[in-house]
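These notes are about the structure you will find just below.
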Amino acid sequence: MAPTTLDPRTALVVIDLQGGIVGAPTQPYSGPEVVARSVGLADAFRAAGLPVVLVRVSFAEDGADAVPGRTEQQRAGGGARPEGWDVIVDELAGHPSDIRITKRNWGAFHGTDLDVQLRRRGVTQIVLTGIATSIGVESTARAAHEHGYHVTLATDAMSDLDAVTHINSIERIFPRLGETGTSAEILELLAKTHMQN
């Protein structure tokens, strides 16, 4: 279903579109496709005077700030990373008005000032894009829902390492957390509700 409403104070929140993630093999959309659609949304949000939040994940080299706990799969954390691994892609960077958030967890709310930054700007709704759908995007969507934000998910401006997990998030999880739609549908709704003001 297409999204129905964008609140007067809606923010775009872009998850982990950074050097070390955008180049990973993702499905069903490539990293560059996700970046291009996110850039289109970001440009439109900026033109409407709405906040754009660029979230990146980063860890100290020694892993001291990585999430503890035992898991069956090796997790991201400490250790040397390639140069530019945690740098927001050039296509999205370079806008001084954007809010920048560095997270150490899957989701962008826990352990960051994202909620404070949004509330101080009167934001009541977020539109989410990014990589990976079932990890950073879904975790952020869950927390946003729990924090009382209206959540809209740009389903063609996100992708995952696995097509099955992407589809599971899109079809089973996201409809319980908010509304879903393509970036074109969100841009059309943004034009109708915000550009005329």
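Ligands are numbered from 1 in the order shown, chains are lettered A, B, ... in the order of the structure tokens, and residues start at 1 in each chain.
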Which residues of range 125-190 of chain A have any atom within 7 Å of an atom in range 8-15 of chain A when counting only C-alpha atoms, and what is the closest pair of atoms for each, with the distance in Å to one decimal? Order the rows by chain and rising number and write it as a Markdown table.
| residue | atom | partner | partner_atom | distance |
| --- | --- | --- | --- | --- |
| A:Gln125 | CA | A:Thr10 | CA | 4.6 |
| A:Ile126 | CA | A:Ala11 | CA | 4.8 |
| A:Val127 | CA | A:Leu12 | CA | 4.8 |
| A:Leu128 | CA | A:Val13 | CA | 5.0 |
| A:Thr129 | CA | A:Val14 | CA | 5.0 |
| A:Gly130 | CA | A:Ile15 | CA | 4.4 |
| A:Ile131 | CA | A:Ile15 | CA | 6.2 |
| A:Gly136 | CA | A:Ile15 | CA | 6.5 |
| A:Val137 | CA | A:Ile15 | CA | 6.3 |
Within 12 Å of Gly23 in chain A, counting only C-alpha atoms, which residues qualify if same-chain residues fewer than 6 places away don't, as a list in words?
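So, after excluding close chain neighbours, the residues are Asp16, Leu17, Tyr29, Ser30, Gly31, Pro32, Glu33, Val34, Val35, Gly84, Trp85, Val89, Ile131, Ala132, Ser159, Asp160 and Leu161 of chain A.
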With DSSP run on the backbone, what are the helix (DSSP H, G or I) residues within range 1-186 of chain A? I'd like them as a PyMOL selection string.
chain A and resi 19-22+31-47+114-120+133-146+163-177+183-186
Which residues come within 12 Å of Gly111 in chain A, counting only C-alpha atoms, excluding same-chain residues fewer than 5 positions away, as a ChimeraX atom specification?
/A:57,65-67,101-106,116,143
Take the selection from the previous step and output its residues with N, CA and C atoms, as a short mmCIF file (atom, residue, chain, number, x, y, z; two decimals), in the first residue's frame.
data_model
loop_
_atom_site.label_atom_id
_atom_site.label_comp_id
_atom_site.auth_asym_id
_atom_site.auth_seq_id
_atom_site.Cartn_x
_atom_site.Cartn_y
_atom_site.Cartn_z
N VAL A 57 27.36 3.71 11.07
CA VAL A 57 27.81 2.82 12.14
C VAL A 57 29.33 2.86 12.16
N ASP A 65 33.78 -0.24 22.23
CA ASP A 65 32.42 0.31 22.20
C ASP A 65 31.44 -0.57 21.44
N ALA A 66 31.86 -1.77 21.05
CA ALA A 66 30.97 -2.69 20.34
C ALA A 66 30.03 -3.36 21.34
N VAL A 67 28.88 -3.79 20.85
CA VAL A 67 27.89 -4.44 21.71
C VAL A 67 28.47 -5.76 22.22
N ILE A 101 24.42 11.23 12.86
CA ILE A 101 24.34 10.35 14.03
C ILE A 101 25.32 9.20 13.82
N THR A 102 26.11 8.90 14.84
CA THR A 102 26.97 7.71 14.82
C THR A 102 26.42 6.72 15.82
N LYS A 103 26.14 5.51 15.33
CA LYS A 103 25.60 4.47 16.19
C LYS A 103 26.62 3.34 16.36
N ARG A 104 26.43 2.57 17.41
CA ARG A 104 27.29 1.42 17.69
C ARG A 104 26.47 0.13 17.73
N ASN A 105 25.18 0.26 17.48
CA ASN A 105 24.24 -0.85 17.53
C ASN A 105 23.56 -0.98 16.18
N TRP A 106 22.69 -1.98 16.04
CA TRP A 106 21.93 -2.11 14.80
C TRP A 106 21.04 -0.89 14.59
N VAL A 116 16.45 12.89 20.77
CA VAL A 116 16.53 14.28 21.21
C VAL A 116 16.59 15.22 20.00
N ALA A 143 12.34 0.78 16.94
CA ALA A 143 12.55 1.75 18.02
C ALA A 143 11.75 3.03 17.77
#
When you look at Ala163 in chain A with a cut-off of 9 Å (counting only C-alpha atoms), what residues show up, excluding the ones that are within fewer than 4 positions of it in the same chain? I need them as a PDB file with all heavy atoms, in the first residue's frame.
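As a result, part-v5.pdb now contains:
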ATOM      1  N   THR A  26      24.071  -6.637  -2.295  1.00  0.00           N
ATOM      2  CA  THR A  26      22.760  -6.575  -1.646  1.00  0.00           C
ATOM      3  C   THR A  26      21.661  -6.948  -2.628  1.00  0.00           C
ATOM      4  O   THR A  26      21.832  -6.856  -3.835  1.00  0.00           O
ATOM      5  CB  THR A  26      22.489  -5.176  -1.060  1.00  0.00           C
ATOM      6  OG1 THR A  26      22.595  -4.203  -2.104  1.00  0.00           O
ATOM      7  CG2 THR A  26      23.472  -4.847   0.059  1.00  0.00           C
ATOM      8  N   GLN A  27      20.532  -7.340  -2.051  1.00  0.00           N
ATOM      9  CA  GLN A  27      19.361  -7.760  -2.835  1.00  0.00           C
ATOM     10  C   GLN A  27      18.116  -7.146  -2.227  1.00  0.00           C
ATOM     11  O   GLN A  27      18.070  -6.979  -1.028  1.00  0.00           O
ATOM     12  CB  GLN A  27      19.234  -9.285  -2.806  1.00  0.00           C
ATOM     13  CG  GLN A  27      20.404 -10.010  -3.392  1.00  0.00           C
ATOM     14  CD  GLN A  27      20.260 -11.515  -3.240  1.00  0.00           C
ATOM     15  OE1 GLN A  27      19.163 -12.037  -3.110  1.00  0.00           O
ATOM     16  NE2 GLN A  27      21.373 -12.208  -3.238  1.00  0.00           N
ATOM     17  N   PRO A  28      17.121  -6.786  -2.959  1.00  0.00           N
ATOM     18  CA  PRO A  28      16.994  -6.894  -4.403  1.00  0.00           C
ATOM     19  C   PRO A  28      17.610  -5.713  -5.148  1.00  0.00           C
ATOM     20  O   PRO A  28      17.652  -5.722  -6.372  1.00  0.00           O
ATOM     21  CB  PRO A  28      15.485  -6.935  -4.617  1.00  0.00           C
ATOM     22  CG  PRO A  28      14.937  -6.094  -3.525  1.00  0.00           C
ATOM     23  CD  PRO A  28      15.853  -6.325  -2.350  1.00  0.00           C
ATOM     24  N   SER A 159      17.864  -2.154   1.002  1.00  0.00           N
ATOM     25  CA  SER A 159      18.217  -3.466   0.482  1.00  0.00           C
ATOM     26  C   SER A 159      18.916  -4.245   1.580  1.00  0.00           C
ATOM     27  O   SER A 159      19.238  -3.693   2.632  1.00  0.00           O
ATOM     28  CB  SER A 159      19.120  -3.321  -0.756  1.00  0.00           C
ATOM     29  OG  SER A 159      19.060  -4.468  -1.566  1.00  0.00           O
ATOM     30  N   ILE A 167      12.515  -9.381   2.117  1.00  0.00           N
ATOM     31  CA  ILE A 167      11.079  -9.598   1.883  1.00  0.00           C
ATOM     32  C   ILE A 167      10.339  -9.798   3.200  1.00  0.00           C
ATOM     33  O   ILE A 167       9.231  -9.280   3.386  1.00  0.00           O
ATOM     34  CB  ILE A 167      10.870 -10.791   0.933  1.00  0.00           C
ATOM     35  CG1 ILE A 167      11.354 -10.400  -0.471  1.00  0.00           C
ATOM     36  CG2 ILE A 167       9.412 -11.228   0.898  1.00  0.00           C
ATOM     37  CD1 ILE A 167      11.499 -11.571  -1.423  1.00  0.00           C
ATOM     38  N   ASN A 168      10.947 -10.524   4.128  1.00  0.00           N
ATOM     39  CA  ASN A 168      10.304 -10.740   5.432  1.00  0.00           C
ATOM     40  C   ASN A 168      10.048  -9.403   6.126  1.00  0.00           C
ATOM     41  O   ASN A 168       8.952  -9.176   6.652  1.00  0.00           O
ATOM     42  CB  ASN A 168      11.165 -11.641   6.317  1.00  0.00           C
ATOM     43  CG  ASN A 168      10.494 -11.953   7.633  1.00  0.00           C
ATOM     44  OD1 ASN A 168       9.508 -12.673   7.684  1.00  0.00           O
ATOM     45  ND2 ASN A 168      11.014 -11.385   8.706  1.00  0.00           N
TER      46      ASN A 168
END
Can you tell me, as a PyMOL selection string, what residues are no more than 7 Å from Thr155 in chain A when counting only C-alpha atoms, ignoring any on the same chain fewer than 5 positions away?
chain A and resi 170+180-182
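CA of Ser169 in chain A sits 20.1 Å away from CA of Gln73 in chain A.
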If you run DSSP on this backbone, which residues of range 20-56 of chain A come out as strand (DSSP E or B), and could you give them as a PyMOL selection string?
chain A and resi 27+52-56
Those same residues - N, CA, C and O atoms - I'd like them written as a CSV table (one decimal), in the first residue's frame.
chain,number,residue,atom,x,y,z
A,27,GLN,N,20.5,-7.3,-2.1
A,27,GLN,CA,19.4,-7.8,-2.8
A,27,GLN,C,18.1,-7.1,-2.2
A,27,GLN,O,18.1,-7.0,-1.0
A,52,VAL,N,17.0,16.1,7.4
A,52,VAL,CA,17.6,14.9,6.9
A,52,VAL,C,18.6,14.4,7.9
A,52,VAL,O,19.5,15.2,8.3
A,53,VAL,N,18.5,13.1,8.3
A,53,VAL,CA,19.4,12.5,9.3
A,53,VAL,C,20.2,11.5,8.6
A,53,VAL,O,19.7,10.5,8.0
A,54,LEU,N,21.6,11.6,8.6
A,54,LEU,CA,22.5,10.6,8.1
A,54,LEU,C,23.1,9.8,9.2
A,54,LEU,O,23.8,10.4,10.0
A,55,VAL,N,22.8,8.6,9.2
A,55,VAL,CA,23.2,7.7,10.3
A,55,VAL,C,24.3,6.8,9.8
A,55,VAL,O,24.2,6.2,8.7
A,56,ARG,N,25.4,6.7,10.5
A,56,ARG,CA,26.5,5.7,10.2
A,56,ARG,C,26.8,4.9,11.3
A,56,ARG,O,26.5,5.2,12.5
Which residues, written as a PyMOL selection string, have at least one atom at most 8 Å from range 187-192 of chain A, with only C-alpha atoms counted and residues fewer than 3 positions away on the same chain left out?
chain A and resi 3-6+41+44-45+183-184+195-196
For the residues in that selection, give me N, CA, C and O atoms as a short mmCIF file (atom, residue, chain, number, x, y, z; two decimals), in the first residue's frame.
data_model
loop_
_atom_site.label_atom_id
_atom_site.label_comp_id
_atom_site.auth_asym_id
_atom_site.auth_seq_id
_atom_site.Cartn_x
_atom_site.Cartn_y
_atom_site.Cartn_z
N PRO A 3 1.89 5.04 1.14
CA PRO A 3 1.73 5.81 2.39
C PRO A 3 0.62 6.84 2.24
O PRO A 3 0.39 7.36 1.15
N THR A 4 -0.06 7.12 3.34
CA THR A 4 -1.22 7.99 3.29
C THR A 4 -0.93 9.44 3.67
O THR A 4 -1.58 10.35 3.17
N THR A 5 0.02 9.65 4.58
CA THR A 5 0.22 10.98 5.14
C THR A 5 1.68 11.20 5.49
O THR A 5 2.36 10.29 5.95
N LEU A 6 2.15 12.43 5.29
CA LEU A 6 3.41 12.88 5.85
C LEU A 6 3.09 14.04 6.77
O LEU A 6 2.48 15.03 6.34
N LEU A 41 15.28 11.43 -2.34
CA LEU A 41 14.45 11.77 -1.18
C LEU A 41 15.10 12.88 -0.35
O LEU A 41 14.43 13.83 0.06
N ALA A 44 14.70 16.28 -1.91
CA ALA A 44 13.33 16.77 -1.78
C ALA A 44 13.02 17.21 -0.35
O ALA A 44 12.35 18.23 -0.14
N PHE A 45 13.49 16.46 0.63
CA PHE A 45 13.26 16.84 2.03
C PHE A 45 13.96 18.16 2.34
O PHE A 45 13.38 19.04 2.98
N SER A 183 9.91 5.05 -3.17
CA SER A 183 10.43 6.41 -3.05
C SER A 183 9.62 7.37 -3.94
O SER A 183 9.38 8.50 -3.54
N ALA A 184 9.17 6.90 -5.11
CA ALA A 184 8.34 7.76 -5.98
C ALA A 184 7.03 8.12 -5.30
O ALA A 184 6.57 9.27 -5.38
N MET A 195 5.30 20.88 -0.46
CA MET A 195 5.80 21.88 -1.41
C MET A 195 4.82 23.03 -1.62
O MET A 195 5.22 24.11 -1.98
N GLN A 196 3.53 22.78 -1.36
CA GLN A 196 2.55 23.84 -1.56
C GLN A 196 2.52 24.82 -0.41
O GLN A 196 1.92 25.88 -0.52
#
